[in-house]
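First comes the structure, then the notes that go with it.
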Amino acid sequence: MNEWYKACRRAAALIHKTIPEPYRQRTFSGIIGDIKALPAKKALSLVSRKKGIGLQYAYLYLREGIDGGRGYQACAAEALSYVLGEYKNKIIRGRILDVGCAVGVTAGVLSLENVTGFDLFSDLLIAAKTVDSLTMRSNRYAVADMTHDWPFMATFDTVVCGLVCHHLKTQSENVTFFSSANRVLNQSGSLVITLPSGSIARPSQLGTLNRGLEHFGFTINKDFSGLVVSTDSVQSLFWMFLITAEKVSNETGDLFIDPDFGFPLYRTPVSREEKGDQARKSICMERTVRHTRFRLIPLDRLLKINGDDVLVYDIVKRL
């Protein structure tokens with residue numbers, strides 16, 4: 001893993017040389033804030049029209065999103081690997097599809113092979129390929145939008161969605177996403193989802209999501225679904241949500257209507273501009289700790305010890 005982190009630094013240095021000077025002043029929090037403040041199509045248009053923003057985004061993603069394991073993206077992948085433990089190779093196995101793969105962080109941190117990744121932003125995939133070339137890996141990448149039918153005919157044994165599902169904004173996008181996940185998976189294939197701390201407010205909402213997945217032909221692995229919390233530092237706290245599920249059948253085909261299934265309703269409603277501001281502030285928080293130990297609190301136990309209280313920093317710290 002340390003070699004992968006070193007390769008991220010080297011790839012960042014190579015990409016930095018190609019960034020036009022006017023865009024080198026853009027910050028990671030500023031670019032992500034712009035992306036979150038815009039609908040997906042307009043965000044993609046912004047990055048496509050202004051050649052250089054995407055490269056700066058990829059460079060900063062490698063530097064600050066990864067940051068030798070201290071960045072949130074890298075920490076989430078390390079947390080996933082830690083809580084799966086000896087079961088990692090049983091759950092994440094075979095032909096793997098990495099949805100919203102960005103710079104290939106999940107594959108890199110978990111040392112996965114035979115991975116196909118796709119992302120909306122081509123510059124992030126350039127970064128992923130550069131890192132792979134430095135680590136002698138041969139993963140495959142494609143530009144695609146997870147909110148439209150996925151452009152894959154082949155079947156996979158595992159679908160990994162690291163910190164991307166919370167970007168689904170409508171019922172239609174949720175249905176497309178989970179229908180596509182079912183379609184590309186082999187029978188008994190695994191679906192692994194991680195969600196950032198702000199994407200789920202109450203434990204009951206995680207339960208609603210789990211029940212909704214049953215409609216799409218999945219059964220939840222309760223032993224590896226719940227709240228993941230860091231345990232190694234009193235100075236800092238990391239937490240995220242984890243869902244692992246197995247495909248047990250094809251999607252039913254019945255009309256799916258459930259106003260409580262999805263992600264936008266789980267957060268306090270804010271405008272896109274406010275969402276962009278929140279992203280800028282959260283990313284500007286400097287991380288000084290690299291977390292290396294985590295624990296998983298399964299949903300049933302979480303409800304028992306916390307009830308359905310809103311999961312904010314002070315509450316999670318006491319769990």
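Here, A, B, ... name the chains of the structure tokens in the order displayed, residue numbers run from 1 inside each chain, and ligands are numbered from 1 in the same displayed order.
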
- Task: Check the DSSP output for the backbone and give back, as JSON, numbers by chain, the residues of range 93-271 of chain A in strand (DSSP E or B).
- Result: {"A": [96, 97, 98, 99, 115, 116, 117, 118, 119, 140, 141, 142, 143, 156, 157, 158, 159, 160, 161, 162, 185, 186, 187, 188, 189, 190, 191, 192, 193, 194, 195, 196, 218, 219, 220, 226, 227, 228, 229, 230, 239, 240, 241, 242, 243, 244, 245, 246, 247]}

Same residues, N, CA and C atoms, output as a compact mmCIF listing (two decimals), in the first residue's frame:
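Okay, this is what ended up in out_10.txt:
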```
# COMPACT_ATOMS: atom_id res chain seq x y z
N ILE A 96 -14.14 -7.18 -10.84
CA ILE A 96 -14.63 -6.09 -9.99
C ILE A 96 -14.94 -4.86 -10.82
N LEU A 97 -16.12 -4.27 -10.58
CA LEU A 97 -16.50 -3.00 -11.20
C LEU A 97 -16.48 -1.93 -10.12
N ASP A 98 -15.65 -0.91 -10.30
CA ASP A 98 -15.52 0.19 -9.34
C ASP A 98 -16.27 1.39 -9.88
N VAL A 99 -17.38 1.71 -9.26
CA VAL A 99 -18.27 2.79 -9.71
C VAL A 99 -17.80 4.11 -9.11
N VAL A 115 -9.62 -5.01 -12.06
CA VAL A 115 -10.65 -4.01 -11.78
C VAL A 115 -10.99 -3.22 -13.04
N THR A 116 -12.29 -3.02 -13.26
CA THR A 116 -12.79 -2.09 -14.27
C THR A 116 -13.40 -0.92 -13.54
N GLY A 117 -12.92 0.27 -13.80
CA GLY A 117 -13.44 1.44 -13.12
C GLY A 117 -14.05 2.43 -14.09
N PHE A 118 -15.08 3.15 -13.64
CA PHE A 118 -15.60 4.23 -14.47
C PHE A 118 -15.90 5.45 -13.62
N ASP A 119 -15.80 6.61 -14.23
CA ASP A 119 -16.02 7.87 -13.54
C ASP A 119 -16.53 8.89 -14.54
N ARG A 140 -8.65 -1.38 -15.97
CA ARG A 140 -9.29 -0.77 -17.14
C ARG A 140 -10.23 0.34 -16.67
N TYR A 141 -10.37 1.38 -17.51
CA TYR A 141 -11.17 2.53 -17.12
C TYR A 141 -12.04 3.02 -18.28
N ALA A 142 -13.19 3.58 -17.93
CA ALA A 142 -14.10 4.14 -18.93
C ALA A 142 -14.77 5.38 -18.35
N VAL A 143 -15.08 6.33 -19.23
CA VAL A 143 -15.85 7.51 -18.83
C VAL A 143 -17.33 7.16 -18.94
N PHE A 156 -20.02 -9.10 -13.66
CA PHE A 156 -19.00 -8.92 -12.65
C PHE A 156 -19.36 -9.73 -11.41
N ASP A 157 -18.34 -10.00 -10.61
CA ASP A 157 -18.54 -10.72 -9.35
C ASP A 157 -18.73 -9.75 -8.19
N THR A 158 -18.22 -8.53 -8.35
CA THR A 158 -18.32 -7.52 -7.29
C THR A 158 -18.53 -6.14 -7.90
N VAL A 159 -19.43 -5.38 -7.32
CA VAL A 159 -19.58 -3.96 -7.64
C VAL A 159 -19.24 -3.18 -6.38
N VAL A 160 -18.24 -2.30 -6.48
CA VAL A 160 -17.82 -1.47 -5.36
C VAL A 160 -18.20 -0.02 -5.65
N CYS A 161 -18.81 0.63 -4.68
CA CYS A 161 -19.23 2.03 -4.84
C CYS A 161 -18.68 2.80 -3.65
N GLY A 162 -17.49 3.36 -3.80
CA GLY A 162 -16.84 4.05 -2.70
C GLY A 162 -17.14 5.53 -2.68
N LEU A 185 -24.14 -7.70 -12.25
CA LEU A 185 -23.60 -8.66 -11.30
C LEU A 185 -24.01 -10.09 -11.63
N ASN A 186 -23.09 -11.02 -11.43
CA ASN A 186 -23.42 -12.43 -11.48
C ASN A 186 -24.29 -12.79 -10.28
N GLN A 187 -25.00 -13.91 -10.38
CA GLN A 187 -25.74 -14.40 -9.23
C GLN A 187 -24.78 -14.64 -8.07
N SER A 188 -25.19 -14.25 -6.87
CA SER A 188 -24.38 -14.32 -5.65
C SER A 188 -23.23 -13.32 -5.66
N GLY A 189 -23.26 -12.37 -6.60
CA GLY A 189 -22.25 -11.32 -6.62
C GLY A 189 -22.43 -10.36 -5.46
N SER A 190 -21.36 -9.62 -5.14
CA SER A 190 -21.35 -8.71 -3.99
C SER A 190 -21.54 -7.26 -4.43
N LEU A 191 -22.31 -6.53 -3.64
CA LEU A 191 -22.44 -5.08 -3.79
C LEU A 191 -21.90 -4.46 -2.51
N VAL A 192 -20.88 -3.60 -2.65
CA VAL A 192 -20.23 -2.98 -1.49
C VAL A 192 -20.32 -1.47 -1.63
N ILE A 193 -20.96 -0.83 -0.66
CA ILE A 193 -21.19 0.62 -0.72
C ILE A 193 -20.63 1.27 0.54
N THR A 194 -19.85 2.33 0.38
CA THR A 194 -19.47 3.17 1.50
C THR A 194 -20.06 4.56 1.29
N LEU A 195 -20.45 5.18 2.40
CA LEU A 195 -21.10 6.49 2.37
C LEU A 195 -20.43 7.41 3.38
N PRO A 196 -20.18 8.66 3.03
CA PRO A 196 -19.52 9.58 3.96
C PRO A 196 -20.41 9.93 5.13
N PHE A 218 -31.33 -7.79 -3.86
CA PHE A 218 -30.20 -7.96 -2.96
C PHE A 218 -30.67 -8.36 -1.57
N THR A 219 -29.81 -9.09 -0.87
CA THR A 219 -30.02 -9.34 0.55
C THR A 219 -28.83 -8.78 1.30
N ILE A 220 -29.08 -8.09 2.40
CA ILE A 220 -28.05 -7.38 3.13
C ILE A 220 -27.26 -8.33 4.02
N GLY A 226 -23.31 -1.21 8.52
CA GLY A 226 -23.54 -0.37 9.69
C GLY A 226 -22.67 0.86 9.68
N LEU A 227 -22.28 1.30 10.86
CA LEU A 227 -21.48 2.50 11.05
C LEU A 227 -20.04 2.10 11.34
N VAL A 228 -19.09 2.67 10.58
CA VAL A 228 -17.67 2.42 10.79
C VAL A 228 -17.05 3.64 11.46
N VAL A 229 -16.35 3.42 12.57
CA VAL A 229 -15.78 4.52 13.36
C VAL A 229 -14.31 4.23 13.64
N SER A 230 -13.47 5.27 13.56
CA SER A 230 -12.05 5.11 13.91
C SER A 230 -11.92 4.97 15.42
N TRP A 239 -15.67 8.75 10.58
CA TRP A 239 -16.73 7.76 10.51
C TRP A 239 -17.39 7.79 9.14
N MET A 240 -17.94 6.64 8.78
CA MET A 240 -18.63 6.49 7.50
C MET A 240 -19.63 5.35 7.66
N PHE A 241 -20.42 5.10 6.63
CA PHE A 241 -21.39 4.01 6.64
C PHE A 241 -20.98 2.97 5.61
N LEU A 242 -21.27 1.72 5.94
CA LEU A 242 -20.92 0.60 5.07
C LEU A 242 -22.15 -0.28 4.86
N ILE A 243 -22.39 -0.64 3.61
CA ILE A 243 -23.43 -1.60 3.26
C ILE A 243 -22.79 -2.67 2.38
N THR A 244 -22.94 -3.92 2.76
CA THR A 244 -22.54 -5.01 1.88
C THR A 244 -23.77 -5.87 1.65
N ALA A 245 -23.93 -6.33 0.42
CA ALA A 245 -25.12 -7.10 0.06
C ALA A 245 -24.75 -8.13 -0.99
N GLU A 246 -25.59 -9.13 -1.13
CA GLU A 246 -25.40 -10.19 -2.11
C GLU A 246 -26.59 -10.21 -3.06
N LYS A 247 -26.30 -10.36 -4.35
CA LYS A 247 -27.37 -10.49 -5.32
C LYS A 247 -27.97 -11.89 -5.21
```

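Taking CA of Glu78 in chain A and CA of Val103 in chain A as the two end points, the separation is 15.1 Å.
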
Check which residues of range 116-212 of chain A sit at most 8 Å from range 303-308 of chain A using only C-alpha atoms, and return one row each with the closest pair of atoms and their distance in Å to one decimal, ordered by chain and rising number, as a tab-separated table.
```
residue	atom	partner	partner_atom	distance
A:Arg202	CA	A:Asp308	CA	5.6
A:Pro203	CA	A:Asp308	CA	5.7
A:Ser204	CA	A:Asp308	CA	6.2
```

- Query: CA of Tyr72 in chain A and CA of Ile315 in chain A are how many Å apart?
  - Reply: 19.9 Å

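Excluding Arg24 in chain A and any residue on its chain fewer than 6 positions from it, the residues at most 9 Å away by only C-alpha atoms are A:His16, A:Gly52, A:Ile53, A:Gln56.
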
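The shortest atom-to-atom distance to Ala128 in chain A, with only C-alpha atoms taken into account, belongs to A:Tyr61 out of A:Tyr61, A:Phe216, A:Phe294, A:Tyr23.
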
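In this model, the gap between CA of Leu124 in chain A and CA of Leu55 in chain A comes to 7.6 Å.
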
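For the choices A:Ile92, A:Ser199, A:His291, A:Asp300, the atom-to-atom distance to Val312 in chain A is smallest for A:Ser199 when using only C-alpha atoms.
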